[in-house]
file data_25.cif (mmCIF, N, CA, C and O atoms)
data_protein
#
loop_
_atom_site.label_atom_id
_atom_site.label_comp_id
_atom_site.auth_asym_id
_atom_site.auth_seq_id
_atom_site.Cartn_x
_atom_site.Cartn_y
_atom_site.Cartn_z
N ARG D 1 0.86 -1.18 0.00
CA ARG D 1 0.00 0.00 0.00
C ARG D 1 0.89 1.23 0.00
O ARG D 1 1.81 1.35 0.80
N TYR D 2 0.58 2.14 -0.93
CA TYR D 2 1.34 3.38 -1.04
C TYR D 2 0.69 4.43 -0.14
O TYR D 2 -0.51 4.69 -0.24
N THR D 3 1.47 5.00 0.75
CA THR D 3 0.94 5.97 1.71
C THR D 3 1.40 7.39 1.45
O THR D 3 1.10 8.29 2.23
N GLY D 4 2.11 7.60 0.34
CA GLY D 4 2.53 8.96 -0.01
C GLY D 4 1.35 9.80 -0.46
O GLY D 4 0.23 9.31 -0.66
N THR D 5 1.59 11.09 -0.66
CA THR D 5 0.51 12.00 -1.03
C THR D 5 0.53 12.38 -2.51
O THR D 5 -0.46 12.88 -3.02
N THR D 6 1.66 12.14 -3.19
CA THR D 6 1.79 12.47 -4.61
C THR D 6 1.71 11.20 -5.44
O THR D 6 2.39 10.22 -5.15
N THR D 7 0.88 11.21 -6.47
CA THR D 7 0.80 10.06 -7.38
C THR D 7 2.15 9.91 -8.08
O THR D 7 2.70 10.88 -8.58
N ARG D 8 2.67 8.67 -8.09
CA ARG D 8 4.01 8.42 -8.65
C ARG D 8 4.02 7.10 -9.41
O ARG D 8 3.20 6.23 -9.18
N MET D 9 5.00 6.99 -10.28
CA MET D 9 5.28 5.73 -10.98
C MET D 9 6.25 4.92 -10.12
O MET D 9 7.15 5.48 -9.49
N PHE D 10 6.06 3.59 -10.10
CA PHE D 10 6.91 2.71 -9.32
C PHE D 10 7.41 1.55 -10.17
O PHE D 10 6.65 0.99 -10.96
N HIS D 11 8.67 1.24 -10.02
CA HIS D 11 9.20 -0.02 -10.55
C HIS D 11 8.92 -1.06 -9.48
O HIS D 11 9.42 -0.95 -8.35
N VAL D 12 8.12 -2.04 -9.80
CA VAL D 12 7.73 -3.10 -8.86
C VAL D 12 8.38 -4.39 -9.34
O VAL D 12 8.31 -4.73 -10.53
N ALA D 13 9.04 -5.09 -8.44
CA ALA D 13 9.71 -6.34 -8.81
C ALA D 13 9.52 -7.37 -7.72
O ALA D 13 9.30 -7.03 -6.55
N GLY D 14 9.60 -8.62 -8.11
CA GLY D 14 9.48 -9.69 -7.13
C GLY D 14 10.15 -10.96 -7.61
O GLY D 14 10.31 -11.18 -8.82
N SER D 15 10.57 -11.77 -6.67
CA SER D 15 11.06 -13.11 -6.97
C SER D 15 10.29 -14.07 -6.09
O SER D 15 10.01 -13.79 -4.93
N VAL D 16 9.92 -15.22 -6.68
CA VAL D 16 9.04 -16.16 -6.01
C VAL D 16 9.57 -17.58 -6.19
O VAL D 16 10.00 -17.94 -7.29
N SER D 17 9.53 -18.36 -5.13
CA SER D 17 9.75 -19.80 -5.27
C SER D 17 8.45 -20.49 -4.86
O SER D 17 7.82 -20.11 -3.88
N PHE D 18 8.04 -21.47 -5.67
CA PHE D 18 6.75 -22.11 -5.43
C PHE D 18 6.73 -23.50 -6.05
O PHE D 18 7.57 -23.84 -6.88
N SER D 19 5.77 -24.29 -5.63
CA SER D 19 5.58 -25.62 -6.21
C SER D 19 4.13 -25.77 -6.63
O SER D 19 3.27 -24.99 -6.24
N GLY D 20 3.88 -26.77 -7.47
CA GLY D 20 2.54 -27.03 -7.96
C GLY D 20 2.45 -28.47 -8.42
O GLY D 20 3.35 -29.27 -8.17
N GLY D 21 1.40 -28.78 -9.14
CA GLY D 21 1.21 -30.13 -9.64
C GLY D 21 2.13 -30.45 -10.82
O GLY D 21 2.72 -29.56 -11.43
N ALA D 22 2.25 -31.72 -11.13
CA ALA D 22 3.12 -32.17 -12.23
C ALA D 22 2.71 -31.54 -13.54
O ALA D 22 1.53 -31.52 -13.91
N ASN D 23 3.69 -30.98 -14.24
CA ASN D 23 3.51 -30.36 -15.56
C ASN D 23 2.57 -29.16 -15.58
O ASN D 23 2.14 -28.75 -16.66
N ASP D 24 2.25 -28.58 -14.44
CA ASP D 24 1.43 -27.37 -14.42
C ASP D 24 2.26 -26.18 -14.89
O ASP D 24 3.45 -26.07 -14.58
N THR D 25 1.63 -25.29 -15.65
CA THR D 25 2.28 -24.05 -16.06
C THR D 25 1.58 -22.89 -15.36
O THR D 25 0.36 -22.74 -15.46
N PHE D 26 2.36 -22.11 -14.64
CA PHE D 26 1.84 -20.96 -13.91
C PHE D 26 2.31 -19.67 -14.56
O PHE D 26 3.45 -19.57 -15.01
N THR D 27 1.44 -18.69 -14.61
CA THR D 27 1.78 -17.34 -15.02
C THR D 27 1.64 -16.45 -13.80
O THR D 27 0.67 -16.57 -13.06
N LEU D 28 2.63 -15.59 -13.59
CA LEU D 28 2.59 -14.66 -12.47
C LEU D 28 2.46 -13.25 -13.00
O LEU D 28 2.98 -12.93 -14.07
N MET D 29 1.78 -12.41 -12.23
CA MET D 29 1.57 -11.03 -12.65
C MET D 29 1.31 -10.16 -11.43
O MET D 29 0.96 -10.66 -10.37
N PHE D 30 1.52 -8.87 -11.58
CA PHE D 30 1.14 -7.93 -10.55
C PHE D 30 -0.29 -7.46 -10.79
O PHE D 30 -0.76 -7.41 -11.94
N ALA D 31 -0.96 -7.11 -9.71
CA ALA D 31 -2.29 -6.52 -9.78
C ALA D 31 -2.28 -5.23 -8.96
O ALA D 31 -1.59 -5.14 -7.95
N LYS D 32 -3.02 -4.24 -9.45
CA LYS D 32 -3.16 -2.97 -8.74
C LYS D 32 -4.60 -2.89 -8.25
O LYS D 32 -5.53 -2.97 -9.05
N ASN D 33 -4.77 -2.80 -6.95
CA ASN D 33 -6.10 -2.72 -6.34
C ASN D 33 -6.99 -3.88 -6.78
O ASN D 33 -8.19 -3.73 -6.99
N GLY D 34 -6.40 -5.06 -6.98
CA GLY D 34 -7.15 -6.25 -7.34
C GLY D 34 -7.36 -6.46 -8.83
O GLY D 34 -7.98 -7.44 -9.24
N THR D 35 -6.84 -5.56 -9.67
CA THR D 35 -6.98 -5.67 -11.12
C THR D 35 -5.62 -5.94 -11.74
O THR D 35 -4.66 -5.20 -11.48
N VAL D 36 -5.52 -6.99 -12.55
CA VAL D 36 -4.25 -7.37 -13.16
C VAL D 36 -3.70 -6.23 -14.01
O VAL D 36 -4.42 -5.61 -14.79
N VAL D 37 -2.40 -5.98 -13.85
CA VAL D 37 -1.68 -5.03 -14.70
C VAL D 37 -1.10 -5.87 -15.84
O VAL D 37 -0.11 -6.58 -15.67
N THR D 38 -1.75 -5.83 -17.00
CA THR D 38 -1.41 -6.75 -18.09
C THR D 38 0.04 -6.61 -18.55
O THR D 38 0.62 -7.58 -19.01
N THR D 39 0.63 -5.44 -18.42
CA THR D 39 2.02 -5.27 -18.85
C THR D 39 3.00 -5.96 -17.91
O THR D 39 4.17 -6.10 -18.24
N SER D 40 2.54 -6.44 -16.76
CA SER D 40 3.43 -7.16 -15.84
C SER D 40 3.27 -8.67 -15.96
O SER D 40 3.93 -9.43 -15.27
N THR D 41 2.40 -9.14 -16.85
CA THR D 41 2.14 -10.57 -17.02
C THR D 41 3.21 -11.17 -17.93
O THR D 41 2.99 -11.39 -19.11
N VAL D 42 4.39 -11.38 -17.36
CA VAL D 42 5.50 -11.84 -18.18
C VAL D 42 6.14 -13.12 -17.68
O VAL D 42 6.86 -13.78 -18.41
N ALA D 43 5.93 -13.47 -16.45
CA ALA D 43 6.62 -14.62 -15.88
C ALA D 43 5.80 -15.88 -16.04
O ALA D 43 4.66 -15.95 -15.60
N MET D 44 6.37 -16.90 -16.70
CA MET D 44 5.72 -18.20 -16.81
C MET D 44 6.70 -19.25 -16.28
O MET D 44 7.90 -19.14 -16.48
N ARG D 45 6.16 -20.26 -15.62
CA ARG D 45 7.01 -21.32 -15.07
C ARG D 45 6.28 -22.63 -15.20
O ARG D 45 5.17 -22.79 -14.70
N LYS D 46 6.89 -23.58 -15.93
CA LYS D 46 6.32 -24.92 -16.04
C LYS D 46 6.99 -25.79 -15.00
O LYS D 46 8.22 -25.86 -14.92
N MET D 47 6.17 -26.47 -14.21
CA MET D 47 6.68 -27.35 -13.16
C MET D 47 7.03 -28.71 -13.77
O MET D 47 6.45 -29.10 -14.78
N GLY D 48 7.97 -29.40 -13.17
CA GLY D 48 8.32 -30.75 -13.60
C GLY D 48 7.37 -31.73 -12.95
O GLY D 48 6.16 -31.69 -13.15
N THR D 49 7.90 -32.59 -12.11
CA THR D 49 7.05 -33.54 -11.39
C THR D 49 6.36 -32.82 -10.24
O THR D 49 6.79 -31.75 -9.81
N GLY D 50 5.28 -33.38 -9.73
CA GLY D 50 4.58 -32.79 -8.61
C GLY D 50 5.50 -32.59 -7.42
O GLY D 50 6.31 -33.44 -7.11
N GLY D 51 5.42 -31.44 -6.80
CA GLY D 51 6.24 -31.13 -5.64
C GLY D 51 7.55 -30.44 -5.97
O GLY D 51 8.24 -29.97 -5.08
N ASP D 52 7.92 -30.36 -7.28
CA ASP D 52 9.12 -29.61 -7.64
C ASP D 52 8.96 -28.17 -7.22
O ASP D 52 7.88 -27.59 -7.32
N VAL D 53 10.05 -27.56 -6.77
CA VAL D 53 10.04 -26.15 -6.42
C VAL D 53 10.71 -25.39 -7.56
O VAL D 53 11.83 -25.71 -7.95
N GLY D 54 10.01 -24.41 -8.12
CA GLY D 54 10.54 -23.58 -9.19
C GLY D 54 10.61 -22.14 -8.74
O GLY D 54 9.98 -21.74 -7.77
N THR D 55 11.40 -21.35 -9.44
CA THR D 55 11.51 -19.93 -9.13
C THR D 55 11.31 -19.11 -10.39
O THR D 55 11.52 -19.58 -11.50
N THR D 56 10.89 -17.89 -10.20
CA THR D 56 10.79 -16.94 -11.30
C THR D 56 10.80 -15.53 -10.73
O THR D 56 10.66 -15.33 -9.52
N ALA D 57 10.99 -14.57 -11.61
CA ALA D 57 10.98 -13.15 -11.23
C ALA D 57 9.96 -12.42 -12.09
O ALA D 57 9.68 -12.81 -13.22
N ILE D 58 9.38 -11.36 -11.54
CA ILE D 58 8.46 -10.53 -12.29
C ILE D 58 8.80 -9.06 -12.06
O ILE D 58 9.33 -8.70 -11.00
N HIS D 59 8.51 -8.24 -13.06
CA HIS D 59 8.76 -6.80 -12.98
C HIS D 59 7.59 -6.07 -13.62
O HIS D 59 6.92 -6.60 -14.50
N GLY D 60 7.38 -4.85 -13.20
CA GLY D 60 6.37 -4.01 -13.82
C GLY D 60 6.58 -2.56 -13.43
O GLY D 60 7.30 -2.26 -12.47
N VAL D 61 5.97 -1.67 -14.17
CA VAL D 61 5.94 -0.25 -13.84
C VAL D 61 4.48 0.10 -13.62
O VAL D 61 3.64 -0.08 -14.51
N ILE D 62 4.18 0.58 -12.41
CA ILE D 62 2.79 0.80 -12.02
C ILE D 62 2.66 2.18 -11.38
O ILE D 62 3.47 2.54 -10.52
N GLU D 63 1.63 2.91 -11.79
CA GLU D 63 1.35 4.21 -11.18
C GLU D 63 0.46 4.01 -9.96
O GLU D 63 -0.56 3.32 -10.04
N LEU D 64 0.85 4.62 -8.85
CA LEU D 64 0.09 4.48 -7.61
C LEU D 64 -0.24 5.84 -7.03
O LEU D 64 0.61 6.72 -6.96
N ALA D 65 -1.48 5.99 -6.59
CA ALA D 65 -1.93 7.15 -5.84
C ALA D 65 -2.08 6.73 -4.38
O ALA D 65 -1.99 5.54 -4.05
N THR D 66 -2.34 7.67 -3.52
CA THR D 66 -2.47 7.41 -2.09
C THR D 66 -3.45 6.27 -1.82
O THR D 66 -4.56 6.24 -2.36
N ASN D 67 -3.00 5.30 -1.01
CA ASN D 67 -3.77 4.14 -0.55
C ASN D 67 -4.03 3.08 -1.62
O ASN D 67 -4.75 2.12 -1.36
N GLU D 68 -3.45 3.21 -2.81
CA GLU D 68 -3.53 2.11 -3.77
C GLU D 68 -2.50 1.07 -3.39
O GLU D 68 -1.52 1.36 -2.71
N TYR D 69 -2.70 -0.17 -3.84
CA TYR D 69 -1.83 -1.26 -3.41
C TYR D 69 -1.54 -2.21 -4.56
O TYR D 69 -2.26 -2.25 -5.56
N VAL D 70 -0.48 -2.99 -4.39
CA VAL D 70 -0.03 -3.95 -5.40
C VAL D 70 -0.06 -5.35 -4.78
O VAL D 70 0.30 -5.53 -3.62
N GLU D 71 -0.50 -6.33 -5.57
CA GLU D 71 -0.52 -7.73 -5.16
C GLU D 71 0.16 -8.57 -6.23
O GLU D 71 0.30 -8.15 -7.36
N VAL D 72 0.56 -9.79 -5.85
CA VAL D 72 1.08 -10.77 -6.81
C VAL D 72 -0.02 -11.80 -7.04
O VAL D 72 -0.55 -12.38 -6.09
N PHE D 73 -0.39 -12.02 -8.31
CA PHE D 73 -1.39 -13.01 -8.67
C PHE D 73 -0.73 -14.17 -9.40
O PHE D 73 0.25 -13.98 -10.12
N PHE D 74 -1.26 -15.37 -9.21
CA PHE D 74 -0.84 -16.58 -9.92
C PHE D 74 -2.01 -17.06 -10.76
O PHE D 74 -3.16 -16.99 -10.31
N ALA D 75 -1.73 -17.58 -11.94
CA ALA D 75 -2.75 -18.23 -12.76
C ALA D 75 -2.19 -19.56 -13.24
O ALA D 75 -1.09 -19.61 -13.79
N ASN D 76 -2.90 -20.64 -13.00
CA ASN D 76 -2.51 -21.94 -13.51
C ASN D 76 -3.17 -22.07 -14.88
O ASN D 76 -4.39 -22.13 -14.99
N THR D 77 -2.36 -22.10 -15.94
CA THR D 77 -2.90 -22.11 -17.30
C THR D 77 -3.15 -23.51 -17.84
O THR D 77 -3.61 -23.66 -18.97
N THR D 78 -2.86 -24.55 -17.05
CA THR D 78 -3.00 -25.92 -17.54
C THR D 78 -3.88 -26.81 -16.67
O THR D 78 -4.25 -27.90 -17.10
N ASP D 79 -4.21 -26.38 -15.47
CA ASP D 79 -4.89 -27.27 -14.52
C ASP D 79 -5.61 -26.41 -13.48
O ASP D 79 -5.58 -25.18 -13.55
N THR D 80 -6.18 -27.04 -12.48
CA THR D 80 -6.84 -26.30 -11.41
C THR D 80 -6.04 -26.32 -10.11
O THR D 80 -6.52 -25.82 -9.09
N ASP D 81 -4.83 -26.91 -10.13
CA ASP D 81 -4.00 -26.95 -8.92
C ASP D 81 -3.59 -25.54 -8.50
O ASP D 81 -3.25 -24.71 -9.34
N ASP D 82 -3.60 -25.29 -7.21
CA ASP D 82 -3.08 -24.05 -6.67
C ASP D 82 -1.60 -24.19 -6.39
O ASP D 82 -1.14 -25.28 -6.03
N PRO D 83 -0.84 -23.11 -6.50
CA PRO D 83 0.58 -23.19 -6.14
C PRO D 83 0.75 -23.12 -4.62
O PRO D 83 -0.12 -22.61 -3.92
N THR D 84 1.87 -23.64 -4.16
CA THR D 84 2.29 -23.46 -2.78
C THR D 84 3.50 -22.54 -2.80
O THR D 84 4.53 -22.89 -3.38
N VAL D 85 3.37 -21.36 -2.23
CA VAL D 85 4.46 -20.39 -2.23
C VAL D 85 5.41 -20.73 -1.09
O VAL D 85 5.00 -20.88 0.06
N HIS D 86 6.70 -20.86 -1.43
CA HIS D 86 7.72 -21.15 -0.43
C HIS D 86 8.43 -19.89 0.03
O HIS D 86 8.79 -19.78 1.20
N SER D 87 8.66 -18.95 -0.88
CA SER D 87 9.23 -17.66 -0.51
C SER D 87 8.80 -16.62 -1.52
O SER D 87 8.54 -16.92 -2.69
N LEU D 88 8.71 -15.39 -1.06
CA LEU D 88 8.35 -14.27 -1.92
C LEU D 88 9.09 -13.05 -1.44
O LEU D 88 9.06 -12.72 -0.25
N ASN D 89 9.79 -12.40 -2.35
CA ASN D 89 10.50 -11.18 -2.04
C ASN D 89 10.06 -10.14 -3.06
O ASN D 89 10.09 -10.40 -4.25
N SER D 90 9.63 -8.97 -2.61
CA SER D 90 9.19 -7.97 -3.56
C SER D 90 9.60 -6.58 -3.06
O SER D 90 9.85 -6.37 -1.87
N PHE D 91 9.64 -5.64 -4.01
CA PHE D 91 9.90 -4.25 -3.64
C PHE D 91 9.26 -3.34 -4.67
O PHE D 91 8.95 -3.74 -5.78
N ALA D 92 9.06 -2.10 -4.26
CA ALA D 92 8.56 -1.05 -5.16
C ALA D 92 9.43 0.17 -4.95
O ALA D 92 9.62 0.63 -3.82
N GLN D 93 9.98 0.68 -6.04
CA GLN D 93 10.86 1.85 -5.98
C GLN D 93 10.22 2.98 -6.76
O GLN D 93 9.94 2.84 -7.95
N GLY D 94 9.98 4.10 -6.09
CA GLY D 94 9.39 5.27 -6.76
C GLY D 94 10.35 5.86 -7.77
O GLY D 94 11.56 5.90 -7.56
N MET D 95 9.78 6.30 -8.89
CA MET D 95 10.61 6.89 -9.94
C MET D 95 10.20 8.33 -10.17
O MET D 95 9.10 8.71 -9.96
#

call {"tool": "encode", "arguments": {"input": "data_25.cif", "output": "structure tokens"}}
result
Amino acid sequence: RYTGTTTRMFHVAGSVSFSGGANDTFTLMFAKNGTVVTTSTVAMRKMGTGGDVGTTAIHGVIELATNEYVEVFFANTTDTDDPTVHSLNSFAQGM
């Protein structure tokens, strides 16, 4: 959540390690206030066998006004399995 008073552009980045079902392909993206930022939908990760832990990174440039927020969304494009997140590191740097 951005608590500043001036609307600004932010470089938002994250790295994630997660597992899912065998051969599942996940797409990761940032969302602003619950709405996907389509320009950040760049990270795809295909899992090997079930339980494999994979990693990926995502980046985006997002404009935020006071009290707007950013989330990380996952989409399984091949199945209905949910991912299990093992670690997540993210930051937003005002530009």

call {"tool": "atom_distance", "arguments": {"input": "data_25.cif", "atom1": "atom N of D:Val53", "atom2": "atom C of D:Ser87"}}
result
12.2 Å

call {"tool": "residues_around", "arguments": {"input": "data_25.cif", "residues": "D:Thr3", "least_positions_apart": "4", "cutoff": "7 Å", "atoms": "only N, CA, C and O atoms", "output": "ChimeraX atom specification"}}
result
/D:65-68

call {"tool": "residues_around", "arguments": {"input": "data_25.cif", "residues": "D:Gly51", "least_positions_apart": "5", "cutoff": "7 Å", "atoms": "only N, CA, C and O atoms", "output": "ChimeraX atom specification"}}
result
/D:18-22

call {"tool": "write_last_selection", "arguments": {"input": "data_25.cif", "atoms": "N, CA, C and O atoms", "output": "PDB file, in the coordinates of the input"}}
result
ATOM      1  N   PHE D  18       8.040 -21.470  -5.670  1.00  0.00           N
ATOM      2  CA  PHE D  18       6.750 -22.110  -5.430  1.00  0.00           C
ATOM      3  C   PHE D  18       6.730 -23.500  -6.050  1.00  0.00           C
ATOM      4  O   PHE D  18       7.570 -23.840  -6.880  1.00  0.00           O
ATOM      5  N   SER D  19       5.770 -24.290  -5.630  1.00  0.00           N
ATOM      6  CA  SER D  19       5.580 -25.620  -6.210  1.00  0.00           C
ATOM      7  C   SER D  19       4.130 -25.770  -6.630  1.00  0.00           C
ATOM      8  O   SER D  19       3.270 -24.990  -6.240  1.00  0.00           O
ATOM      9  N   GLY D  20       3.880 -26.770  -7.470  1.00  0.00           N
ATOM     10  CA  GLY D  20       2.540 -27.030  -7.960  1.00  0.00           C
ATOM     11  C   GLY D  20       2.450 -28.470  -8.420  1.00  0.00           C
ATOM     12  O   GLY D  20       3.350 -29.270  -8.170  1.00  0.00           O
ATOM     13  N   GLY D  21       1.400 -28.780  -9.140  1.00  0.00           N
ATOM     14  CA  GLY D  21       1.210 -30.130  -9.640  1.00  0.00           C
ATOM     15  C   GLY D  21       2.130 -30.450 -10.820  1.00  0.00           C
ATOM     16  O   GLY D  21       2.720 -29.560 -11.430  1.00  0.00           O
ATOM     17  N   ALA D  22       2.250 -31.720 -11.130  1.00  0.00           N
ATOM     18  CA  ALA D  22       3.120 -32.170 -12.230  1.00  0.00           C
ATOM     19  C   ALA D  22       2.710 -31.540 -13.540  1.00  0.00           C
ATOM     20  O   ALA D  22       1.530 -31.520 -13.910  1.00  0.00           O
TER      21      ALA D  22
END

call {"tool": "closest_residue", "arguments": {"input": "data_25.cif", "among": "D:Asn76, D:Asn23, D:Thr7, D:Asn89", "to": "D:Glu63", "atoms": "all atoms listed in the file"}}
result
D:Thr7

call {"tool": "closest_residue", "arguments": {"input": "data_25.cif", "among": "D:Ile58, D:Leu64, D:Thr49, D:Thr41", "to": "D:Thr5", "atoms": "only C-alpha atoms"}}
result
D:Leu64

call {"tool": "resolve_selection", "arguments": {"input": "data_25.cif", "expression": "the PyMOL selection byres ((chain D and resi 59) around 7)", "output": "ChimeraX atom specification"}}
result
/D:11-14,30,39-43,57-58,60-61

call {"tool": "atom_distance", "arguments": {"input": "data_25.cif", "atom1": "atom CA of D:Met9", "atom2": "atom CA of D:Gly34"}}
result
17.6 Å

call {"tool": "select_by_dssp", "arguments": {"input": "data_25.cif", "residues": "chain D", "states": "strand (DSSP E or B)", "output": "VMD selection string"}}
result
chain D and resid 8 to 19 25 to 32 35 to 36 43 to 46 53 to 64 70 to 76 84 to 94

call {"tool": "atom_distance", "arguments": {"input": "data_25.cif", "atom1": "atom O of D:Val72", "atom2": "atom O of D:Asp52"}}
result
17.4 Å
